[in-house]
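This is run.cif. It holds mmCIF, C-alpha atoms and all ligand atoms.
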data_query
loop_
_atom_site.group_PDB
_atom_site.id
_atom_site.type_symbol
_atom_site.label_atom_id
_atom_site.label_comp_id
_atom_site.auth_asym_id
_atom_site.auth_seq_id
_atom_site.Cartn_x
_atom_site.Cartn_y
_atom_site.Cartn_z
ATOM 1 C CA MET A 143 -14.272 -25.649 -46.115
ATOM 2 C CA LEU A 144 -17.733 -24.179 -46.139
ATOM 3 C CA ASP A 145 -18.036 -20.712 -44.710
ATOM 4 C CA GLN A 146 -20.961 -21.011 -42.286
ATOM 5 C CA THR A 147 -21.185 -17.257 -41.737
ATOM 6 C CA THR A 148 -21.967 -16.452 -45.379
ATOM 7 C CA ASN A 149 -24.277 -19.414 -46.000
ATOM 8 C CA ARG A 150 -27.377 -18.110 -44.222
ATOM 9 C CA ASP A 151 -29.893 -19.775 -46.557
ATOM 10 C CA ALA A 152 -28.070 -23.099 -46.613
ATOM 11 C CA PRO A 153 -29.453 -26.096 -44.669
ATOM 12 C CA PRO A 154 -28.123 -26.406 -41.108
ATOM 13 C CA VAL A 155 -24.841 -28.069 -40.258
ATOM 14 C CA ILE A 156 -25.785 -31.400 -38.612
ATOM 15 C CA LEU A 157 -22.368 -33.024 -38.381
ATOM 16 C CA GLU A 158 -19.173 -31.376 -37.252
ATOM 17 C CA VAL A 159 -15.776 -33.018 -37.055
ATOM 18 C CA SER A 160 -13.220 -30.875 -35.184
ATOM 19 C CA GLY A 161 -9.490 -31.312 -34.793
ATOM 20 C CA LEU A 162 -9.646 -35.082 -35.188
ATOM 21 C CA ASN A 163 -6.452 -37.066 -34.690
ATOM 22 C CA LYS A 164 -6.229 -40.836 -34.705
ATOM 23 C CA ILE A 165 -3.178 -42.861 -33.801
ATOM 24 C CA TYR A 166 -3.443 -46.656 -33.873
ATOM 25 C CA GLN A 167 -1.102 -48.645 -31.644
ATOM 26 C CA ALA A 168 0.050 -51.399 -34.005
ATOM 27 C CA SER A 169 2.421 -54.225 -33.041
ATOM 28 C CA ASN A 170 5.286 -52.542 -34.927
ATOM 29 C CA GLY A 171 4.634 -49.071 -33.461
ATOM 30 C CA PRO A 172 2.106 -46.248 -33.663
ATOM 31 C CA VAL A 173 0.325 -45.477 -36.958
ATOM 32 C CA GLU A 174 -0.882 -41.903 -37.397
ATOM 33 C CA ALA A 175 -4.058 -42.509 -39.414
ATOM 34 C CA LEU A 176 -5.622 -39.028 -39.169
ATOM 35 C CA ARG A 177 -4.218 -35.594 -38.329
ATOM 36 C CA SER A 178 -6.165 -32.388 -37.675
ATOM 37 C CA VAL A 179 -9.268 -33.350 -39.613
ATOM 38 C CA ASP A 180 -12.077 -30.773 -39.647
ATOM 39 C CA LEU A 181 -15.280 -31.329 -41.597
ATOM 40 C CA THR A 182 -18.758 -29.833 -41.523
ATOM 41 C CA VAL A 183 -21.705 -31.496 -43.211
ATOM 42 C CA ARG A 184 -25.057 -29.847 -43.866
ATOM 43 C CA LYS A 185 -28.396 -31.603 -43.727
ATOM 44 C CA GLY A 186 -29.153 -33.387 -46.986
ATOM 45 C CA GLU A 187 -25.659 -33.122 -48.452
ATOM 46 C CA PHE A 188 -24.087 -35.962 -50.387
ATOM 47 C CA ILE A 189 -20.386 -36.016 -49.456
ATOM 48 C CA CYS A 190 -17.790 -38.328 -50.999
ATOM 49 C CA LEU A 191 -14.586 -38.973 -49.053
ATOM 50 C CA LEU A 192 -12.015 -39.698 -51.721
ATOM 51 C CA GLY A 193 -8.406 -40.780 -51.395
ATOM 52 C CA ALA A 194 -5.790 -43.394 -52.039
ATOM 53 C CA SER A 195 -5.685 -46.628 -50.078
ATOM 54 C CA GLY A 196 -4.567 -46.094 -46.493
ATOM 55 C CA CYS A 197 -5.289 -42.351 -46.286
ATOM 56 C CA GLY A 198 -7.751 -42.850 -43.430
ATOM 57 C CA LYS A 199 -11.162 -42.686 -45.182
ATOM 58 C CA SER A 200 -12.561 -45.735 -43.365
ATOM 59 C CA THR A 201 -11.050 -44.597 -40.077
ATOM 60 C CA LEU A 202 -12.789 -41.226 -40.391
ATOM 61 C CA LEU A 203 -16.093 -42.907 -41.310
ATOM 62 C CA ARG A 204 -15.824 -45.377 -38.424
ATOM 63 C CA ILE A 205 -15.126 -42.561 -35.946
ATOM 64 C CA ILE A 206 -18.192 -40.687 -37.264
ATOM 65 C CA ALA A 207 -20.196 -43.927 -36.916
ATOM 66 C CA GLY A 208 -18.977 -44.294 -33.325
ATOM 67 C CA PHE A 209 -17.294 -47.666 -33.967
ATOM 68 C CA GLU A 210 -13.837 -46.221 -33.327
ATOM 69 C CA GLN A 211 -12.593 -43.663 -30.783
ATOM 70 C CA ALA A 212 -10.550 -40.648 -31.868
ATOM 71 C CA THR A 213 -7.226 -40.058 -30.133
ATOM 72 C CA GLN A 214 -8.004 -36.330 -30.044
ATOM 73 C CA GLY A 215 -10.767 -34.058 -31.285
ATOM 74 C CA SER A 216 -14.507 -34.556 -31.493
ATOM 75 C CA VAL A 217 -17.452 -35.458 -33.706
ATOM 76 C CA GLY A 218 -20.775 -33.738 -33.066
ATOM 77 C CA VAL A 219 -24.103 -34.825 -34.575
ATOM 78 C CA TYR A 220 -26.994 -32.417 -34.075
ATOM 79 C CA GLY A 221 -24.813 -30.671 -31.498
ATOM 80 C CA CYS A 222 -24.245 -33.803 -29.361
ATOM 81 C CA GLU A 223 -20.823 -35.375 -29.071
ATOM 82 C CA VAL A 224 -20.607 -38.851 -30.614
ATOM 83 C CA ARG A 225 -19.563 -41.399 -27.979
ATOM 84 C CA GLY A 226 -20.618 -44.566 -29.791
ATOM 85 C CA PRO A 227 -22.963 -45.864 -32.471
ATOM 86 C CA GLY A 228 -26.443 -44.302 -32.530
ATOM 87 C CA PRO A 229 -29.725 -44.631 -34.413
ATOM 88 C CA ASP A 230 -29.135 -41.281 -36.145
ATOM 89 C CA ARG A 231 -26.273 -42.896 -38.173
ATOM 90 C CA GLY A 232 -26.525 -46.042 -40.284
ATOM 91 C CA MET A 233 -23.609 -47.816 -41.926
ATOM 92 C CA VAL A 234 -23.435 -49.734 -45.204
ATOM 93 C CA PHE A 235 -20.274 -51.836 -45.653
ATOM 94 C CA GLN A 236 -18.619 -53.174 -48.804
ATOM 95 C CA ASP A 237 -19.199 -56.757 -47.631
ATOM 96 C CA TYR A 238 -22.935 -56.172 -46.907
ATOM 97 C CA ALA A 239 -22.846 -57.440 -43.285
ATOM 98 C CA LEU A 240 -26.347 -58.964 -43.516
ATOM 99 C CA PHE A 241 -27.626 -61.551 -41.051
ATOM 100 C CA PRO A 242 -27.261 -64.798 -43.060
ATOM 101 C CA TRP A 243 -29.935 -66.632 -41.065
ATOM 102 C CA LEU A 244 -32.599 -63.973 -41.751
ATOM 103 C CA THR A 245 -34.604 -63.423 -44.943
ATOM 104 C CA VAL A 246 -34.608 -60.139 -46.864
ATOM 105 C CA ARG A 247 -37.794 -59.097 -45.037
ATOM 106 C CA GLN A 248 -36.373 -60.064 -41.629
ATOM 107 C CA ASN A 249 -33.035 -58.328 -42.273
ATOM 108 C CA ILE A 250 -34.799 -55.086 -43.184
ATOM 109 C CA GLY A 251 -37.254 -55.336 -40.296
ATOM 110 C CA PHE A 252 -34.623 -56.304 -37.716
ATOM 111 C CA GLY A 253 -33.839 -52.751 -36.516
ATOM 112 C CA PRO A 254 -37.424 -51.570 -36.054
ATOM 113 C CA SER A 255 -38.398 -54.887 -34.376
ATOM 114 C CA HIS A 256 -35.517 -54.427 -31.985
ATOM 115 C CA ARG A 257 -36.686 -50.895 -31.186
ATOM 116 C CA ARG A 258 -40.031 -52.451 -30.220
ATOM 117 C CA VAL A 259 -41.923 -50.809 -33.077
ATOM 118 C CA ALA A 260 -45.399 -52.426 -33.314
ATOM 119 C CA PRO A 261 -45.415 -55.489 -35.634
ATOM 120 C CA GLN A 262 -47.892 -53.940 -38.137
ATOM 121 C CA GLU A 263 -45.697 -50.833 -38.321
ATOM 122 C CA VAL A 264 -42.583 -52.995 -38.874
ATOM 123 C CA ASP A 265 -44.404 -54.709 -41.766
ATOM 124 C CA LYS A 266 -45.330 -51.337 -43.266
ATOM 125 C CA LEU A 267 -41.785 -49.985 -42.982
ATOM 126 C CA THR A 268 -40.320 -53.196 -44.404
ATOM 127 C CA ASP A 269 -42.754 -53.211 -47.343
ATOM 128 C CA ARG A 270 -42.003 -49.564 -48.092
ATOM 129 C CA PHE A 271 -38.225 -49.919 -48.139
ATOM 130 C CA MET A 272 -38.230 -53.311 -49.884
ATOM 131 C CA ALA A 273 -40.247 -51.652 -52.654
ATOM 132 C CA MET A 274 -37.889 -48.650 -52.710
ATOM 133 C CA VAL A 275 -34.914 -50.907 -53.441
ATOM 134 C CA GLY A 276 -36.894 -53.164 -55.815
ATOM 135 C CA LEU A 277 -36.768 -56.341 -53.710
ATOM 136 C CA THR A 278 -40.438 -57.026 -52.961
ATOM 137 C CA ALA A 279 -40.381 -60.194 -55.069
ATOM 138 C CA PHE A 280 -37.383 -61.495 -53.066
ATOM 139 C CA ALA A 281 -38.791 -60.889 -49.574
ATOM 140 C CA ASP A 282 -38.426 -64.513 -48.441
ATOM 141 C CA ARG A 283 -34.968 -65.192 -49.848
ATOM 142 C CA TYR A 284 -31.886 -65.567 -47.677
ATOM 143 C CA PRO A 285 -28.692 -63.549 -48.325
ATOM 144 C CA HIS A 286 -26.874 -66.531 -49.892
ATOM 145 C CA GLN A 287 -29.665 -66.693 -52.511
ATOM 146 C CA LEU A 288 -29.060 -63.068 -53.624
ATOM 147 C CA SER A 289 -26.594 -61.415 -56.016
ATOM 148 C CA GLY A 290 -24.076 -58.876 -54.669
ATOM 149 C CA GLY A 291 -26.183 -55.966 -55.932
ATOM 150 C CA MET A 292 -29.304 -57.371 -54.256
ATOM 151 C CA LYS A 293 -27.436 -57.852 -50.977
ATOM 152 C CA GLN A 294 -26.309 -54.232 -51.085
ATOM 153 C CA ARG A 295 -29.905 -53.124 -51.749
ATOM 154 C CA VAL A 296 -30.957 -55.022 -48.600
ATOM 155 C CA ALA A 297 -28.175 -53.320 -46.631
ATOM 156 C CA ILE A 298 -29.354 -49.893 -47.804
ATOM 157 C CA ALA A 299 -33.020 -50.695 -47.055
ATOM 158 C CA ARG A 300 -32.015 -51.899 -43.585
ATOM 159 C CA VAL A 301 -30.468 -48.509 -42.760
ATOM 160 C CA LEU A 302 -33.510 -46.702 -44.186
ATOM 161 C CA ALA A 303 -35.899 -48.830 -42.091
ATOM 162 C CA ASN A 304 -33.848 -47.920 -39.009
ATOM 163 C CA ASP A 305 -34.798 -44.298 -39.602
ATOM 164 C CA ALA A 306 -31.208 -43.041 -39.625
ATOM 165 C CA ASP A 307 -30.668 -39.432 -40.763
ATOM 166 C CA ILE A 308 -27.102 -39.959 -41.845
ATOM 167 C CA LEU A 309 -26.155 -42.775 -44.192
ATOM 168 C CA LEU A 310 -22.469 -43.751 -43.897
ATOM 169 C CA MET A 311 -21.238 -45.890 -46.790
ATOM 170 C CA ASP A 312 -17.798 -47.505 -46.878
ATOM 171 C CA GLU A 313 -16.966 -48.345 -50.511
ATOM 172 C CA PRO A 314 -20.419 -49.911 -50.799
ATOM 173 C CA PHE A 315 -20.187 -50.724 -54.491
ATOM 174 C CA GLY A 316 -16.511 -51.724 -54.537
ATOM 175 C CA ALA A 317 -17.202 -55.455 -54.885
ATOM 176 C CA LEU A 318 -19.799 -55.142 -57.669
ATOM 177 C CA ASP A 319 -19.385 -55.509 -61.423
ATOM 178 C CA ALA A 320 -19.461 -52.294 -63.483
ATOM 179 C CA LEU A 321 -23.071 -52.646 -64.701
ATOM 180 C CA THR A 322 -24.500 -53.438 -61.262
ATOM 181 C CA ARG A 323 -22.446 -50.642 -59.787
ATOM 182 C CA ALA A 324 -23.817 -48.116 -62.306
ATOM 183 C CA ALA A 325 -27.397 -49.266 -61.607
ATOM 184 C CA LEU A 326 -26.914 -48.955 -57.842
ATOM 185 C CA GLN A 327 -25.292 -45.524 -58.157
ATOM 186 C CA GLU A 328 -28.392 -44.340 -60.003
ATOM 187 C CA GLU A 329 -30.737 -45.984 -57.472
ATOM 188 C CA LEU A 330 -28.820 -44.464 -54.574
ATOM 189 C CA ILE A 331 -29.224 -40.970 -56.016
ATOM 190 C CA ASP A 332 -32.989 -41.608 -56.433
ATOM 191 C CA ILE A 333 -33.223 -42.843 -52.820
ATOM 192 C CA TRP A 334 -31.208 -39.885 -51.548
ATOM 193 C CA ARG A 335 -33.493 -37.447 -53.370
ATOM 194 C CA THR A 336 -36.660 -39.196 -52.122
ATOM 195 C CA THR A 337 -35.579 -39.556 -48.496
ATOM 196 C CA LYS A 338 -33.503 -36.337 -48.229
ATOM 197 C CA LEU A 339 -30.914 -38.271 -46.208
ATOM 198 C CA THR A 340 -27.430 -36.944 -45.571
ATOM 199 C CA VAL A 341 -24.875 -39.284 -47.145
ATOM 200 C CA ILE A 342 -21.146 -39.703 -46.467
ATOM 201 C CA PHE A 343 -19.765 -42.113 -49.038
ATOM 202 C CA VAL A 344 -16.196 -43.447 -49.070
ATOM 203 C CA THR A 345 -14.660 -44.266 -52.429
ATOM 204 C CA HIS A 346 -11.284 -44.427 -54.119
ATOM 205 C CA SER A 347 -12.853 -43.821 -57.544
ATOM 206 C CA VAL A 348 -12.672 -40.224 -58.789
ATOM 207 C CA GLU A 349 -15.396 -40.942 -61.340
ATOM 208 C CA GLU A 350 -17.765 -42.313 -58.706
ATOM 209 C CA ALA A 351 -17.122 -39.290 -56.463
ATOM 210 C CA VAL A 352 -17.776 -36.729 -59.219
ATOM 211 C CA LEU A 353 -20.850 -38.673 -60.359
ATOM 212 C CA LEU A 354 -22.475 -38.818 -56.923
ATOM 213 C CA ALA A 355 -21.344 -35.991 -54.692
ATOM 214 C CA ASP A 356 -22.390 -32.456 -53.866
ATOM 215 C CA ARG A 357 -18.934 -32.135 -52.329
ATOM 216 C CA VAL A 358 -15.845 -34.259 -52.866
ATOM 217 C CA VAL A 359 -13.570 -34.217 -49.833
ATOM 218 C CA VAL A 360 -10.122 -35.181 -51.097
ATOM 219 C CA MET A 361 -7.832 -36.810 -48.528
ATOM 220 C CA SER A 362 -4.079 -37.259 -48.594
ATOM 221 C CA SER A 363 -2.113 -39.889 -46.718
ATOM 222 C CA SER A 364 0.680 -40.376 -44.186
ATOM 223 C CA PRO A 365 -0.900 -39.023 -42.083
ATOM 224 C CA GLY A 366 -4.469 -38.814 -43.388
ATOM 225 C CA ARG A 367 -5.608 -35.212 -43.814
ATOM 226 C CA ILE A 368 -8.252 -33.324 -45.713
ATOM 227 C CA ASP A 369 -6.536 -31.790 -48.636
ATOM 228 C CA GLN A 370 -9.353 -30.225 -50.646
ATOM 229 C CA ASP A 371 -13.089 -29.774 -50.392
ATOM 230 C CA VAL A 372 -14.517 -29.476 -53.898
ATOM 231 C CA GLU A 373 -18.128 -28.445 -54.579
ATOM 232 C CA ILE A 374 -19.550 -30.342 -57.557
ATOM 233 C CA GLU A 375 -22.102 -28.091 -59.163
ATOM 234 C CA LEU A 376 -22.880 -30.235 -62.197
ATOM 235 C CA PRO A 377 -26.600 -30.725 -62.869
ATOM 236 C CA ARG A 378 -28.079 -34.182 -62.218
ATOM 237 C CA PRO A 379 -28.333 -36.697 -63.779
ATOM 238 C CA ARG A 380 -24.662 -36.277 -64.587
ATOM 239 C CA ASP A 381 -23.096 -37.128 -67.895
ATOM 240 C CA VAL A 382 -19.733 -38.836 -67.417
ATOM 241 C CA ALA A 383 -18.881 -38.084 -71.046
ATOM 242 C CA SER A 384 -19.407 -34.300 -70.734
ATOM 243 C CA VAL A 385 -16.513 -31.853 -71.009
ATOM 244 C CA GLU A 386 -17.252 -30.353 -67.600
ATOM 245 C CA PHE A 387 -17.389 -33.777 -65.885
ATOM 246 C CA ASN A 388 -14.031 -34.719 -67.355
ATOM 247 C CA ARG A 389 -12.486 -31.362 -66.460
ATOM 248 C CA LEU A 390 -13.408 -31.973 -62.811
ATOM 249 C CA ARG A 391 -12.292 -35.595 -62.947
ATOM 250 C CA ARG A 392 -8.883 -34.558 -64.312
ATOM 251 C CA ALA A 393 -8.429 -31.747 -61.784
ATOM 252 C CA ILE A 394 -9.247 -34.024 -58.830
ATOM 253 C CA THR A 395 -7.063 -36.837 -60.171
ATOM 254 C CA GLN A 396 -4.158 -34.378 -60.486
ATOM 255 C CA GLN A 397 -4.722 -33.268 -56.921
ATOM 256 C CA LEU A 398 -4.586 -36.890 -55.731
ATOM 257 C CA THR A 399 -1.512 -37.702 -57.806
ATOM 258 C CA SER A 400 0.355 -34.622 -56.547
ATOM 259 C CA HIS A 401 0.787 -36.329 -53.168
ATOM 260 C CA VAL A 402 2.945 -39.161 -54.398
ATOM 261 C CA GLY A 403 6.343 -39.096 -55.978
ATOM 262 C CA ALA A 404 6.670 -38.454 -59.716
ATOM 263 C CA GLY A 405 5.901 -41.577 -61.702
ATOM 264 C CA ARG A 406 4.270 -43.417 -58.793
ATOM 265 C CA LYS A 407 0.626 -44.261 -59.214
ATOM 266 C CA VAL A 408 -1.942 -43.621 -56.482
ATOM 267 C CA ALA A 409 -4.302 -46.425 -55.595
ATOM 268 C CA ALA A 410 -7.273 -44.120 -56.168
ATOM 269 C CA THR A 411 -8.674 -44.583 -59.653
ATOM 270 C CA ALA A 412 -9.968 -42.079 -62.156
ATOM 271 C CA ASP A 413 -12.242 -44.405 -64.029
ATOM 272 C CA SER A 414 -13.141 -47.486 -62.033
HETATM 273 N N1 LIG B 501 -6.932 -51.337 -36.379
HETATM 274 C C1 LIG B 501 -5.830 -50.798 -36.914
HETATM 275 N N2 LIG B 501 -4.625 -50.949 -36.301
HETATM 276 C C2 LIG B 501 -3.516 -50.395 -36.816
HETATM 277 N N3 LIG B 501 -3.486 -49.638 -37.942
HETATM 278 C C3 LIG B 501 -4.652 -49.459 -38.581
HETATM 279 C C4 LIG B 501 -5.877 -50.028 -38.115
HETATM 280 N N4 LIG B 501 -6.878 -49.664 -38.958
HETATM 281 C C5 LIG B 501 -6.296 -48.920 -39.916
HETATM 282 N N5 LIG B 501 -4.976 -48.792 -39.697
HETATM 283 C C6 LIG B 501 -4.005 -48.018 -40.495
HETATM 284 O O1 LIG B 501 -4.490 -46.690 -40.554
HETATM 285 C C7 LIG B 501 -4.277 -46.126 -41.839
HETATM 286 C C8 LIG B 501 -5.620 -45.704 -42.432
HETATM 287 O O2 LIG B 501 -6.406 -46.876 -42.675
HETATM 288 P P1 LIG B 501 -7.876 -46.797 -43.307
HETATM 289 O O3 LIG B 501 -8.392 -48.180 -43.419
HETATM 290 O O4 LIG B 501 -8.678 -45.815 -42.537
HETATM 291 O O5 LIG B 501 -7.558 -46.196 -44.754
HETATM 292 P P2 LIG B 501 -8.472 -46.161 -46.068
HETATM 293 O O6 LIG B 501 -8.210 -44.857 -46.734
HETATM 294 O O7 LIG B 501 -9.892 -46.455 -45.712
HETATM 295 O O8 LIG B 501 -7.871 -47.357 -46.903
HETATM 296 P P3 LIG B 501 -8.566 -48.324 -48.020
HETATM 297 O O9 LIG B 501 -9.039 -47.432 -49.130
HETATM 298 O O10 LIG B 501 -7.456 -49.243 -48.429
HETATM 299 O O11 LIG B 501 -9.695 -49.036 -47.311
HETATM 300 C C9 LIG B 501 -3.562 -47.199 -42.648
HETATM 301 O O12 LIG B 501 -2.176 -46.964 -42.558
HETATM 302 C C10 LIG B 501 -3.921 -48.495 -41.941
HETATM 303 O O13 LIG B 501 -2.930 -49.472 -42.107
#

Just give me the structure of the file as structure tokens.
Ligand SMILES: Nc1ncnc2c1ncn2[C@@H]1O[C@H](COP(=O)(O)OP(=O)(O)OP(=O)(O)O)[C@@H](O)[C@H]1O
Amino acid sequence: MLDQTTNRDAPPVILEVSGLNKIYQASNGPVEALRSVDLTVRKGEFICLLGASGCGKSTLLRIIAGFEQATQGSVGVYGCEVRGPGPDRGMVFQDYALFPWLTVRQNIGFGPSHRRVAPQEVDKLTDRFMAMVGLTAFADRYPHQLSGGMKQRVAIARVLANDADILLMDEPFGALDALTRAALQEELIDIWRTTKLTVIFVTHSVEEAVLLADRVVVMSSSPGRIDQDVEIELPRPRDVASVEFNRLRRAITQQLTSHVGAGRKVAATADS
């Protein structure tokens, strides 16, 4: 964990998760999805939540988003307790979750229009973020006319147009082919640097986490807990072939593998 007392020059903590427990009541009994999770996130950080399938990454993200209630504990954003979804947090899902009946332009402009932003201002915002994700030429297309990568660009632009401070991403590139995924990873880092957003990104890929994050938060399962909080101090753009990158990738993979019995493979991947 970060030591807030010794980090006087660091950006402020804007998100604080304290003593979070989550128990789901399933038909075959209770499922303890999260136990005693504490996490602090500073403004502008890029955090990856990494762990094997079922360790509670999505649950933690959904509680931060306000889509799910914790059983115990709290989430604070800018010092206010999260009680539901809010405009300060925007979510990007693996399956895009776009409005199929709206065009690219209308999907991106939906949030600001809903907030009663003036129509000319909505157009300006939409133009800006469509350009940022490289979709200006596709403004009048519908989601079914777009590739997976283009749909995910729309989803990212939609959160940006909503003026969220915190971008929550749940395995956003999991359904994309390797080349598209690599392109979007690079674009996301450019967007993050331009907008200075705070990003919490869920992945089960060690390589993706080390490539993207300032901090990799490693989770273990049954019940889901935070196991390690690793600062990634590699310079950007990062070279996945470098010795230092691979040293970190190996160390984090070992940490993940140490939670399962000898010989069993974790569902988190070192190189996907
Ligand atoms: N609505 C629910 N009802 C009951 N159990 C649930 C529910 N949602 C999640 N769980 C359980 O909680 C645990 C954590 O699930 P979660 O989806 O948060 O894990 P995850 O790390 O995101 O997994 P994956 O990487 O496979 O998406 C799992 O055991 C899962 O089966």

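Closest approach to Ala175 (chain A) among A:Val217, A:Leu339, A:Arg367, A:Gly290 is made by A:Arg367 (distances from all atoms listed in the file).
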
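Interatomic distance, CA of Val360 (chain A) to atom O9 of ligand LIG 501 (chain B): 12.5 Å.
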
query = Which residues match the PyMOL selection byres (((chain A and resi 185-187) around 10) and not hetatm) in the file above, as a ChimeraX atom specification?
reply = /A:152-157,183-184,188-190,220,307-308,334-335,337-342,355-357

message = Env of Gly228 (chain A): 9 Å cut, atoms = only C-alpha atoms, seq-sep filter 2 positions within chain, self excluded. Answer as a ChimeraX atom specification.
response = /A:207-208,224-226,230-232,306

List every residue of chain A that has an atom at most 7 Å from any atom of ligand LIG 501 (chain B), and for each one report the closest atom pair and its distance in Å to one decimal, counting all atoms listed in the file, with rows sorted by chain and then by increasing residue number, as CSV.
residue,atom,partner,partner_atom,distance
A:Tyr166,CA,B:LIG501,C2,4.8
A:Gln167,CA,B:LIG501,C2,6.0
A:Ala168,CA,B:LIG501,C2,4.7
A:Val173,CA,B:LIG501,N3,5.7
A:Glu174,CA,B:LIG501,O1,6.8
A:Ala175,CA,B:LIG501,O1,4.4
A:Gly193,CA,B:LIG501,O6,6.2
A:Ala194,CA,B:LIG501,O9,5.9
A:Ser195,CA,B:LIG501,O10,3.6
A:Gly196,CA,B:LIG501,O5,3.5
A:Cys197,CA,B:LIG501,O6,3.9
A:Gly198,CA,B:LIG501,O4,3.2
A:Lys199,CA,B:LIG501,O6,4.0
A:Ser200,CA,B:LIG501,O7,3.6
A:Thr201,CA,B:LIG501,O4,3.6
A:Leu202,CA,B:LIG501,O4,6.5
A:His346,CA,B:LIG501,O9,6.2

Would you save the residues from that selection as a short mmCIF file (atom, residue, chain, number, x, y, z; two decimals), keeping the file's coordinate frame, using C-alpha atoms?
data_model
loop_
_atom_site.label_atom_id
_atom_site.label_comp_id
_atom_site.auth_asym_id
_atom_site.auth_seq_id
_atom_site.Cartn_x
_atom_site.Cartn_y
_atom_site.Cartn_z
CA TYR A 166 -3.44 -46.66 -33.87
CA GLN A 167 -1.10 -48.64 -31.64
CA ALA A 168 0.05 -51.40 -34.01
CA VAL A 173 0.32 -45.48 -36.96
CA GLU A 174 -0.88 -41.90 -37.40
CA ALA A 175 -4.06 -42.51 -39.41
CA GLY A 193 -8.41 -40.78 -51.40
CA ALA A 194 -5.79 -43.39 -52.04
CA SER A 195 -5.68 -46.63 -50.08
CA GLY A 196 -4.57 -46.09 -46.49
CA CYS A 197 -5.29 -42.35 -46.29
CA GLY A 198 -7.75 -42.85 -43.43
CA LYS A 199 -11.16 -42.69 -45.18
CA SER A 200 -12.56 -45.74 -43.36
CA THR A 201 -11.05 -44.60 -40.08
CA LEU A 202 -12.79 -41.23 -40.39
CA HIS A 346 -11.28 -44.43 -54.12
#

task = For the file shown, report as a ChimeraX atom specification the outcome of the PyMOL selection byres (((chain A and resi 249) around 12) and not hetatm) at residue level.
result = /A:238-248,250-256,264-265,268,271-272,281-285,293-304

request  = Tell me which residues the PyMOL selection byres (((chain A and resi 213) around 10) and not hetatm) grabs here, as a PyMOL selection string.
outcome  = chain A and resi 162-166+174+176-177+210-212+214-216

request  = For CA of Gln262 (chain A) and CA of Leu330 (chain A), determine how far apart the two atoms are, in Å to one decimal place.
outcome  = 26.9 Å

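Nearest to Asn388 (chain A) of all the residues A:Leu353, A:Leu326, A:Val259, A:Val372 is A:Leu353, based on all atoms listed in the file.
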
A:Val159, A:Ile374, A:Leu203, A:Val348 ranked by distance to Gln396 (chain A), top pick (using all atoms listed in the file) = A:Val348

Complete region 193-206 of chain A at the level of N, CA and C atoms, written as a tab-separated table (two decimals), in the coordinates of the input.
chain	number	residue	atom	x	y	z
A	193	GLY	N	-9.85	-40.78	-51.63
A	193	GLY	CA	-8.41	-40.78	-51.40
A	193	GLY	C	-7.82	-42.14	-51.68
A	194	ALA	N	-6.50	-42.15	-51.75
A	194	ALA	CA	-5.79	-43.39	-52.04
A	194	ALA	C	-5.91	-44.35	-50.85
A	195	SER	N	-5.62	-45.60	-51.11
A	195	SER	CA	-5.68	-46.63	-50.08
A	195	SER	C	-4.80	-46.25	-48.89
A	196	GLY	N	-5.35	-46.35	-47.70
A	196	GLY	CA	-4.57	-46.09	-46.49
A	196	GLY	C	-4.57	-44.65	-46.02
A	197	CYS	N	-5.33	-43.77	-46.69
A	197	CYS	CA	-5.29	-42.35	-46.29
A	197	CYS	C	-6.23	-42.06	-45.11
A	198	GLY	N	-6.96	-43.06	-44.64
A	198	GLY	CA	-7.75	-42.85	-43.43
A	198	GLY	C	-9.25	-42.63	-43.67
A	199	LYS	N	-9.73	-42.90	-44.88
A	199	LYS	CA	-11.16	-42.69	-45.18
A	199	LYS	C	-12.05	-43.54	-44.26
A	200	SER	N	-11.73	-44.84	-44.18
A	200	SER	CA	-12.56	-45.74	-43.36
A	200	SER	C	-12.44	-45.38	-41.89
A	201	THR	N	-11.23	-44.98	-41.48
A	201	THR	CA	-11.05	-44.60	-40.08
A	201	THR	C	-11.96	-43.42	-39.75
A	202	LEU	N	-11.95	-42.41	-40.63
A	202	LEU	CA	-12.79	-41.23	-40.39
A	202	LEU	C	-14.26	-41.62	-40.33
A	203	LEU	N	-14.69	-42.48	-41.27
A	203	LEU	CA	-16.09	-42.91	-41.31
A	203	LEU	C	-16.45	-43.69	-40.03
A	204	ARG	N	-15.54	-44.56	-39.61
A	204	ARG	CA	-15.82	-45.38	-38.42
A	204	ARG	C	-15.88	-44.53	-37.16
A	205	ILE	N	-15.06	-43.45	-37.12
A	205	ILE	CA	-15.13	-42.56	-35.95
A	205	ILE	C	-16.46	-41.81	-35.96
A	206	ILE	N	-16.89	-41.36	-37.16
A	206	ILE	CA	-18.19	-40.69	-37.26
A	206	ILE	C	-19.31	-41.65	-36.85
